[in-house]
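Here is the structure we will look at, set down as structure tokens.
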Amino acid sequence: MGAYLSISDSAKDYLVGLLEKRRSESESSEEKPHEKGEIGIRVFVQQPGTPQAETCIAYCRADEAEDGDIPFDVGPFTTWIDKRSESFLEDAEVDFREDQFGGQLTIRAPNARAPKVSDDSPLEDRINYVLYTEINPGLAAHGGMVTLVEVVEDNTAVLQFGGGCQGCAAVDITLKHGVEESLLRAVPELKAIRDVTDHSFTENAYYQ
């Protein structure tokens, strides 16, 4: 399976039940024949390397796996690992424990929120690394933070401010002389920065 993810026997049994139910529903539905193939799961991390990181499991067929996904066989079904999430899923554990309500599937991914980059890391990960190791610690002094929304086709980073930075009278200075300069210097591939924050909301602004 690889060292980056382990699935307990109880979790495998639970997932097998879910996949069999999903497969039965698919066979009795009006889905196209190619959509009724073998079903496995896909594990990925949303916003990896940030405080907002969330580890997710979703149904996945072979023809639904994304380019670069890493497949491995856990016996009863195939699991695909999102390539970008691979390093953030190191030492991750999927488990299932029964309780009075039936039971709960849990995912423990201790490295999902840890900022980490290498020379070949995706552009989004390198931007997040700068935001959460260099920029946000300084903004935190004013109760603010900035997050990456997306990177658009022309290598423009779309950002959103929150906390004391949202609606702050000094946000233009912060964006231009702080965030933008730091990101463009640290991530040369970036061409521009765009702020999509609704600054009309000033209730939490540090400077009003």
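Scheme for the structure tokens: letters A, B, ... for chains in order shown; per-chain residue numbers from 1; ligand numbers from 1 in order shown.
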
Using the chain letters and numbers from this document, which residues of range 113-159 of chain A does DSSP assign to strand (DSSP E), as a list of chain:residue names?
A:Gly144, A:Met145, A:Val146, A:Thr147, A:Leu148, A:Val149, A:Glu150, A:Val151, A:Val152, A:Thr156, A:Ala157, A:Val158, A:Leu159

Now that the selection is made, can you save its residues with C-alpha atoms as a PDB file, in the first residue's frame?
ATOM      1  CA  GLY A 144      -5.828  38.913  10.374  1.00  0.00           C
ATOM      2  CA  MET A 145      -4.969  36.246   7.856  1.00  0.00           C
ATOM      3  CA  VAL A 146      -4.959  35.667   4.117  1.00  0.00           C
ATOM      4  CA  THR A 147      -5.826  32.468   2.263  1.00  0.00           C
ATOM      5  CA  LEU A 148      -5.358  31.263  -1.289  1.00  0.00           C
ATOM      6  CA  VAL A 149      -8.642  30.823  -3.166  1.00  0.00           C
ATOM      7  CA  GLU A 150      -7.191  29.577  -6.449  1.00  0.00           C
ATOM      8  CA  VAL A 151      -4.510  30.115  -9.061  1.00  0.00           C
ATOM      9  CA  VAL A 152      -6.003  31.127 -12.406  1.00  0.00           C
ATOM     10  CA  THR A 156      -2.426  34.983 -10.868  1.00  0.00           C
ATOM     11  CA  ALA A 157      -2.968  34.076  -7.235  1.00  0.00           C
ATOM     12  CA  VAL A 158      -6.499  34.878  -6.081  1.00  0.00           C
ATOM     13  CA  LEU A 159      -6.427  35.701  -2.366  1.00  0.00           C
TER      14      LEU A 159
END

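Contact shell of Ile7 in chain A at 10 Å (only C-alpha atoms; same-chain neighbours under 2 positions omitted): Met1, Leu5, Asp9, Ser10, Ala11, Lys12, Leu15, Val74, Ala92, Glu93, Val94, Asp95, Phe96 and Ile107 of chain A.
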
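The closest residue to Ala192 in chain A, picked from A:Val179, A:Ile70, A:Val43, A:Ile135 and counting only C-alpha atoms, is A:Val179.
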
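Distances from A:Arg185, A:Arg126, A:Arg61, A:Arg97 to Ser26 in chain A were compared using only C-alpha atoms, and the smallest one belongs to A:Arg61.
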
Using only C-alpha atoms, I'd like a table of the residues in range 126-156 of chain A that come within 12 Å of range 108-120 of chain A; for each, show the closest atom pair and its distance in Å rounded to one decimal, ordered by chain and ascending number, as CSV.
residue,atom,partner,partner_atom,distance
A:Arg126,CA,A:Val117,CA,6.0
A:Ile127,CA,A:Val117,CA,9.5
A:Asn128,CA,A:Pro115,CA,7.5
A:Tyr129,CA,A:Pro115,CA,5.4
A:Val130,CA,A:Pro115,CA,8.8
A:Leu131,CA,A:Pro115,CA,9.6
A:Tyr132,CA,A:Pro115,CA,7.3
A:Thr133,CA,A:Pro115,CA,7.6
A:Glu134,CA,A:Pro115,CA,11.1

Go ahead and save the residues from that selection, with N, CA and C atoms, as a PDB file, in the first residue's frame.
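result_28.pdb was written with the following content:
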ATOM      1  N   ARG A 126       3.288  25.816  -2.915  1.00  0.00           N
ATOM      2  CA  ARG A 126       4.373  26.761  -2.612  1.00  0.00           C
ATOM      3  C   ARG A 126       3.820  28.112  -2.158  1.00  0.00           C
ATOM      4  N   ILE A 127       2.686  28.522  -2.749  1.00  0.00           N
ATOM      5  CA  ILE A 127       2.049  29.762  -2.311  1.00  0.00           C
ATOM      6  C   ILE A 127       1.566  29.613  -0.876  1.00  0.00           C
ATOM      7  N   ASN A 128       0.887  28.508  -0.581  1.00  0.00           N
ATOM      8  CA  ASN A 128       0.396  28.280   0.781  1.00  0.00           C
ATOM      9  C   ASN A 128       1.531  28.235   1.787  1.00  0.00           C
ATOM     10  N   TYR A 129       2.650  27.672   1.375  1.00  0.00           N
ATOM     11  CA  TYR A 129       3.799  27.598   2.289  1.00  0.00           C
ATOM     12  C   TYR A 129       4.256  28.999   2.697  1.00  0.00           C
ATOM     13  N   VAL A 130       4.329  29.900   1.724  1.00  0.00           N
ATOM     14  CA  VAL A 130       4.742  31.276   2.021  1.00  0.00           C
ATOM     15  C   VAL A 130       3.684  31.973   2.877  1.00  0.00           C
ATOM     16  N   LEU A 131       2.422  31.763   2.553  1.00  0.00           N
ATOM     17  CA  LEU A 131       1.346  32.407   3.314  1.00  0.00           C
ATOM     18  C   LEU A 131       1.380  31.995   4.786  1.00  0.00           C
ATOM     19  N   TYR A 132       1.554  30.706   5.037  1.00  0.00           N
ATOM     20  CA  TYR A 132       1.396  30.215   6.402  1.00  0.00           C
ATOM     21  C   TYR A 132       2.692  30.153   7.193  1.00  0.00           C
ATOM     22  N   THR A 133       3.824  30.349   6.548  1.00  0.00           N
ATOM     23  CA  THR A 133       5.075  30.386   7.312  1.00  0.00           C
ATOM     24  C   THR A 133       5.677  31.788   7.389  1.00  0.00           C
ATOM     25  N   GLU A 134       5.384  32.645   6.406  1.00  0.00           N
ATOM     26  CA  GLU A 134       5.990  33.975   6.398  1.00  0.00           C
ATOM     27  C   GLU A 134       4.974  35.110   6.586  1.00  0.00           C
TER      28      GLU A 134
END

Best match for closeness to Ala141 in chain A among A:Ser8, A:Gly163, A:Thr197, A:Lys21, counting only C-alpha atoms:
A:Gly163

Excluding Asp69 in chain A and residues on its chain fewer than 6 positions from it, collect all residues at most 6 Å away from it, counting only C-alpha atoms, and give them as a compact mmCIF listing (two decimals) with C-alpha atoms, in the first residue's frame.
# COMPACT_ATOMS: atom_id res chain seq x y z
CA TRP A 80 -6.55 5.96 -5.39
CA ILE A 81 -4.34 8.56 -3.71
CA ASP A 82 -4.42 12.10 -5.06
CA LYS A 83 -0.89 12.84 -6.27
